[in-house]
Amino acid sequence: MENSNSYSPYSSSSVDSTKPSPSESSVNLSLSLTFPSTSSQRETSQDWPPIKPRLRDTLKSLRLRQRGYNTALFVKVYMEGVPIGRKLDLSTFSGYKSLLENLSHMFDTSVISGGTRDRKHHVLTYQDKDGDWMMVGDIPWDMFLETVRRLKITRPERC
Amino acid sequence: MDLRLPSKVLEHILSFVDSNEDRNSVSLVCKSWFETERRTRKRVIVRNCYAVTPEAVARRFPEMRSLTLKGKPHFADYNLVPDGWGGYAWPWIEAMAAKCPSLEELRLKRMVVTDECLEKIAASFKDFKVLVLTSCEGFSTDGLAAIAVACSNLRELELRECIVEDLGGDWLSYFPETLTSLVSLDFSCLDSEVKLSDLERLVSRSPNLKSLKLNRAVSLDALGSLLRLAPQLVELGTGSFSDKLDQEAVSKLSQAFSEMKELKSLSGLWDVLPEYIPLLYSVCPGLTSLNLSYATVQMPDLVELLTRCSNLQKLWVMDLIEDKGLQVVASSCKELRELRVFPSGAEGLNDTNVAMTEQGLVSVSEGCPNLESVLYFCVQFTNAAMVTIARNRPNLKCFRLCVMEPFAPDHKTQKPLDEGFKAIAERCKDLQRLSVSGLLTDKAFEYIGTHGKKLRMLSIAFAGDSDLMLHHLLSGCESLNKLEIRDCPFGDTALLENAAKLETMRSLWMSSCCVSFGACKLLSQKMPKLNVEVIDEHPLETRPDSSPVERIYIYRTLAGPRLDMPEFVWTIQKNPEIGVSHLAIK
């Protein structure tokens, strides 16, 4: 029987058709399992692990507060070559798209996330909670919010 | 000789028969027993609101005083059922208003309740006493005001984890000064602040108030004055526990708690600061139920609290308790029957939270001889731990293990968790509810099918290799009543082969599996007493028989296909296809 439905967890775009390994699985599964919903209270929520909505909301704000951000999520943003940085409240963005649009506007240049190594565009990177510098855009937005510590807009050749 | 019991005598005898299970048996004896039973049943429970029509229920039980209804399937709690699917309370309330105006109690779970529903209740049932809404949605605080103002004999108003459109805290002010019958009030799921003076007046004129669950917006200061007005409370849900109080206020609050000699259940405790935990010490020895799922208390502070709770039977807590804290529970809470440990996500979902592992649950299983119900969220687990738990606690009735890392194997041996769940199914002969997780092969389900004879409800996520899994369960678990499955790679064959089994169950839910549209059509044709609902928010333009469906929900029903289905729900009656293509069953 063919599995032509793109919503099967076994054929989502970021996983090949073999069973995902444990370390990749929670990332891939969260991408493929969130069904868009019309209810505004459910727009950004996931369905794993199986906890009720109220607890899920409580935990989200708990995590953000544990990192010292009182549900607002301010991070510093530097443009390479510019000594003075900016501060940005990430909680005001709905996702990567609006973040990039905003940064492009703020720094008056075209900023993209990883992917094409185009000499024309600046590339956005972030420092995660382990201290490593990573390409923005690889992980789901919610996860990104939990791990991001600061942002850097780099010159494309450097990546 | 006429051996028939006069109906008056039978009525009198039946007045002692409380359990609906027994009453159902009584109804089957003969026609006259059926008639006498139905005329005397006061408490009616319908566990699937689409299994029977409201009119049929109202007709059969004209003396109904209490109605309990459940709507959406359980997985709706985890956002797996799209909005608009159904579960509307209105047709029931309308039917009862017309046929059973003496209705006094309504308990609804996972249903859509509108303000119109609440207004209708307020207007139709003159002696309305009890409204308990669990995981319901669709109404606003205006609807609550309607209930408050009109129900002059109201005893219980409980909103448990509902999603309410919060238009402000005015609704509480609508309870008239003449209302003195309140026994239980739970508005913990609301966000807005209610007027403290109104709340205080309500509490002071309610001498029978036994249960009060406040929302987060009620300050710690306000709590003090409320407790002084109601020291007789048996159940308390506090509001926010984090305001800064001066020394005098703290000692007053401490005094108020020490006056509460009847308190058995404590919950709320949002954001509780460690320095306020000692305020609770005086009530701890009396507590049988403690819900810390919203209390972000770290382990050392928790320990102080838990060592004092020697009579605790029910504990709900976050994994901040860690293995060490659960060891304390094991040694201090010898009466423990139910344990739920929720994920705090403190270290993030991907990292291993080394502070809480399978060892915590093992300790509790060793130390608490009455432990019978477990819900445990953990990042990883081991077979050895489950074998030990099963050996320690063969009296387990409910075992829900959620290994949060999908497909996680035994983290010590890297093997699937088959052997662990086998031990649970084999040893715990009275097991009625089981949730499995982690890396599992079909073997696990073979074991469950073989041993899980009393199993009534089973939840499965990200498991199994093939159709065999489903086949083992449907053919082996004799008592199976509810089965819910997500993200498992199978469908058609086992489903069609065990179609008859589905009529013996309340419901089957499958989402993100590999059930084809053709199989759904075939099943619908084969089993007319089932409603086979295909729930696809993104149906393909043309739906070939081989295409997998997003979700199916199958339930037995006497009511036939429902009339309130949204666009995205398909049943064979709603959209009959011409001809069902021949499906080769291997």
# chains A, B, ... in the order shown; residues from 1 in each chain; ligands from 1

call {"tool": "select_by_dssp", "arguments": {"residues": "segment 424-453 of chain B", "states": "alpha helix (DSSP H)", "output": "PDB file with C-alpha atoms, in the first residue's frame"}}
result
ATOM      1  CA  ILE B 424       3.618  -5.306  33.663  1.00  0.00           C
ATOM      2  CA  ALA B 425       0.915  -7.054  31.632  1.00  0.00           C
ATOM      3  CA  GLU B 426       1.765 -10.448  33.039  1.00  0.00           C
ATOM      4  CA  ARG B 427       2.110  -9.614  36.724  1.00  0.00           C
ATOM      5  CA  ASP B 442       5.134  -6.328  17.776  1.00  0.00           C
ATOM      6  CA  LYS B 443       6.338  -8.642  20.533  1.00  0.00           C
ATOM      7  CA  ALA B 444       5.254  -6.183  23.176  1.00  0.00           C
ATOM      8  CA  PHE B 445       1.733  -6.263  21.836  1.00  0.00           C
ATOM      9  CA  GLU B 446       1.731 -10.005  21.598  1.00  0.00           C
ATOM     10  CA  TYR B 447       2.476 -10.043  25.332  1.00  0.00           C
ATOM     11  CA  ILE B 448      -0.200  -7.478  26.086  1.00  0.00           C
ATOM     12  CA  GLY B 449      -2.738  -9.385  24.013  1.00  0.00           C
ATOM     13  CA  THR B 450      -1.865 -12.611  25.797  1.00  0.00           C
ATOM     14  CA  HIS B 451      -1.892 -11.296  29.348  1.00  0.00           C
TER      15      HIS B 451
END

call {"tool": "residues_around", "arguments": {"residues": "Val111 of chain A", "least_positions_apart": "2", "cutoff": "10 Å", "atoms": "only C-alpha atoms", "output": "NGL selection string"}}
result
:A and (99-105 or 107-109 or 113-114 or 120-124 or 153-156)

call {"tool": "closest_atom_pairs", "arguments": {"of": "chain B", "to": "chain A", "cutoff": "7 Å", "atoms": "only C-alpha atoms", "output": "Markdown table"}}
result
| residue | atom | partner | partner_atom | distance |
| --- | --- | --- | --- | --- |
| B:Asp77 | CA | A:Lys52 | CA | 5.5 |
| B:Tyr78 | CA | A:Asp47 | CA | 5.2 |
| B:Asn79 | CA | A:Asp47 | CA | 5.7 |
| B:Leu80 | CA | A:Asp47 | CA | 6.7 |
| B:Pro82 | CA | A:Ser37 | CA | 6.5 |
| B:Asp83 | CA | A:Ser39 | CA | 6.6 |
| B:Ser344 | CA | A:Leu59 | CA | 6.1 |
| B:Gly345 | CA | A:Leu59 | CA | 6.9 |
| B:Ala346 | CA | A:Arg63 | CA | 6.5 |
| B:Met404 | CA | A:Pro49 | CA | 6.1 |
| B:Glu405 | CA | A:Ser26 | CA | 6.4 |
| B:Pro406 | CA | A:Ser26 | CA | 6.6 |
| B:Phe407 | CA | A:Pro22 | CA | 6.0 |
| B:Ala408 | CA | A:Pro22 | CA | 5.8 |
| B:Asp487 | CA | A:Pro9 | CA | 6.9 |
| B:Ser512 | CA | A:Ser8 | CA | 5.7 |
| B:Ser546 | CA | A:Met1 | CA | 6.4 |
| B:Ser547 | CA | A:Ser4 | CA | 6.5 |
| B:Pro548 | CA | A:Asn5 | CA | 6.2 |

call {"tool": "residues_around", "arguments": {"residues": "Ile121 of chain B", "least_positions_apart": "3", "cutoff": "9 Å", "atoms": "only C-alpha atoms", "output": "JSON, numbers by chain"}}
result
{"B": [93, 94, 97, 116, 117, 118, 124, 125, 126, 128, 146, 147, 151]}

call {"tool": "residues_around", "arguments": {"residues": "Pro369 of chain B", "least_positions_apart": "2", "cutoff": "12 Å", "atoms": "only C-alpha atoms", "output": "PyMOL selection string"}}
result
chain B and resi 313+330-331+333-338+363-367+371-373+389+391-396

call {"tool": "write_last_selection", "arguments": {"atoms": "N, CA and C atoms", "output": "compact mmCIF listing (two decimals), in the first residue's frame"}}
result
# COMPACT_ATOMS: atom_id res chain seq x y z
N GLN B 313 -2.69 10.04 49.81
CA GLN B 313 -3.10 8.95 48.93
C GLN B 313 -2.90 9.31 47.47
N ALA B 330 8.46 7.58 48.91
CA ALA B 330 8.41 6.15 49.18
C ALA B 330 8.53 5.85 50.67
N SER B 331 9.30 6.68 51.38
CA SER B 331 9.47 6.38 52.80
C SER B 331 8.47 7.09 53.70
N CYS B 333 5.18 8.44 52.53
CA CYS B 333 3.76 8.41 52.14
C CYS B 333 3.30 6.99 51.91
N LYS B 334 3.16 6.29 52.99
CA LYS B 334 2.89 4.85 52.90
C LYS B 334 1.48 4.53 52.43
N GLU B 335 0.61 5.54 52.46
CA GLU B 335 -0.77 5.30 52.04
C GLU B 335 -1.00 5.62 50.57
N LEU B 336 0.08 5.95 49.87
CA LEU B 336 -0.06 6.44 48.50
C LEU B 336 -0.73 5.45 47.58
N ARG B 337 -1.77 5.94 46.84
CA ARG B 337 -2.46 5.08 45.88
C ARG B 337 -2.23 5.54 44.46
N GLU B 338 -2.13 6.86 44.29
CA GLU B 338 -2.01 7.38 42.93
C GLU B 338 -0.85 8.37 42.83
N SER B 363 11.50 3.31 43.26
CA SER B 363 11.47 3.55 44.72
C SER B 363 10.04 3.59 45.24
N VAL B 364 9.20 4.32 44.55
CA VAL B 364 7.82 4.45 45.02
C VAL B 364 7.12 3.09 44.97
N SER B 365 7.41 2.31 43.95
CA SER B 365 6.77 1.00 43.83
C SER B 365 7.22 0.08 44.97
N GLU B 366 8.43 0.31 45.45
CA GLU B 366 8.95 -0.49 46.57
C GLU B 366 8.33 -0.06 47.88
N GLY B 367 8.23 1.25 48.07
CA GLY B 367 7.84 1.76 49.38
C GLY B 367 6.36 1.90 49.63
N LEU B 371 0.04 1.42 46.11
CA LEU B 371 0.13 2.13 44.83
C LEU B 371 -0.59 1.34 43.75
N GLU B 372 -1.61 1.98 43.14
CA GLU B 372 -2.34 1.26 42.10
C GLU B 372 -2.50 2.05 40.81
N SER B 373 -2.16 3.34 40.85
CA SER B 373 -2.35 4.14 39.65
C SER B 373 -1.14 5.03 39.41
N ILE B 389 9.18 -2.97 39.02
CA ILE B 389 7.93 -2.33 39.40
C ILE B 389 6.78 -3.35 39.39
N ARG B 391 7.01 -6.54 39.72
CA ARG B 391 7.19 -7.52 40.80
C ARG B 391 6.75 -6.93 42.14
N ASN B 392 7.10 -5.65 42.33
CA ASN B 392 6.74 -4.99 43.58
C ASN B 392 5.25 -4.75 43.70
N ARG B 393 4.61 -4.37 42.60
CA ARG B 393 3.23 -3.89 42.64
C ARG B 393 2.31 -4.64 41.69
N PRO B 394 2.08 -5.92 41.93
CA PRO B 394 1.14 -6.63 41.07
C PRO B 394 -0.29 -6.10 41.20
N ASN B 395 -0.49 -5.23 42.18
CA ASN B 395 -1.83 -4.68 42.37
C ASN B 395 -2.11 -3.43 41.52
N LEU B 396 -1.21 -3.11 40.61
CA LEU B 396 -1.42 -1.94 39.78
C LEU B 396 -2.68 -2.08 38.93

call {"tool": "residues_around", "arguments": {"residues": "segment 131-133 of chain A", "least_positions_apart": "4", "cutoff": "10 Å", "atoms": "only C-alpha atoms", "output": "ChimeraX atom specification"}}
result
/A:125-127,147-152
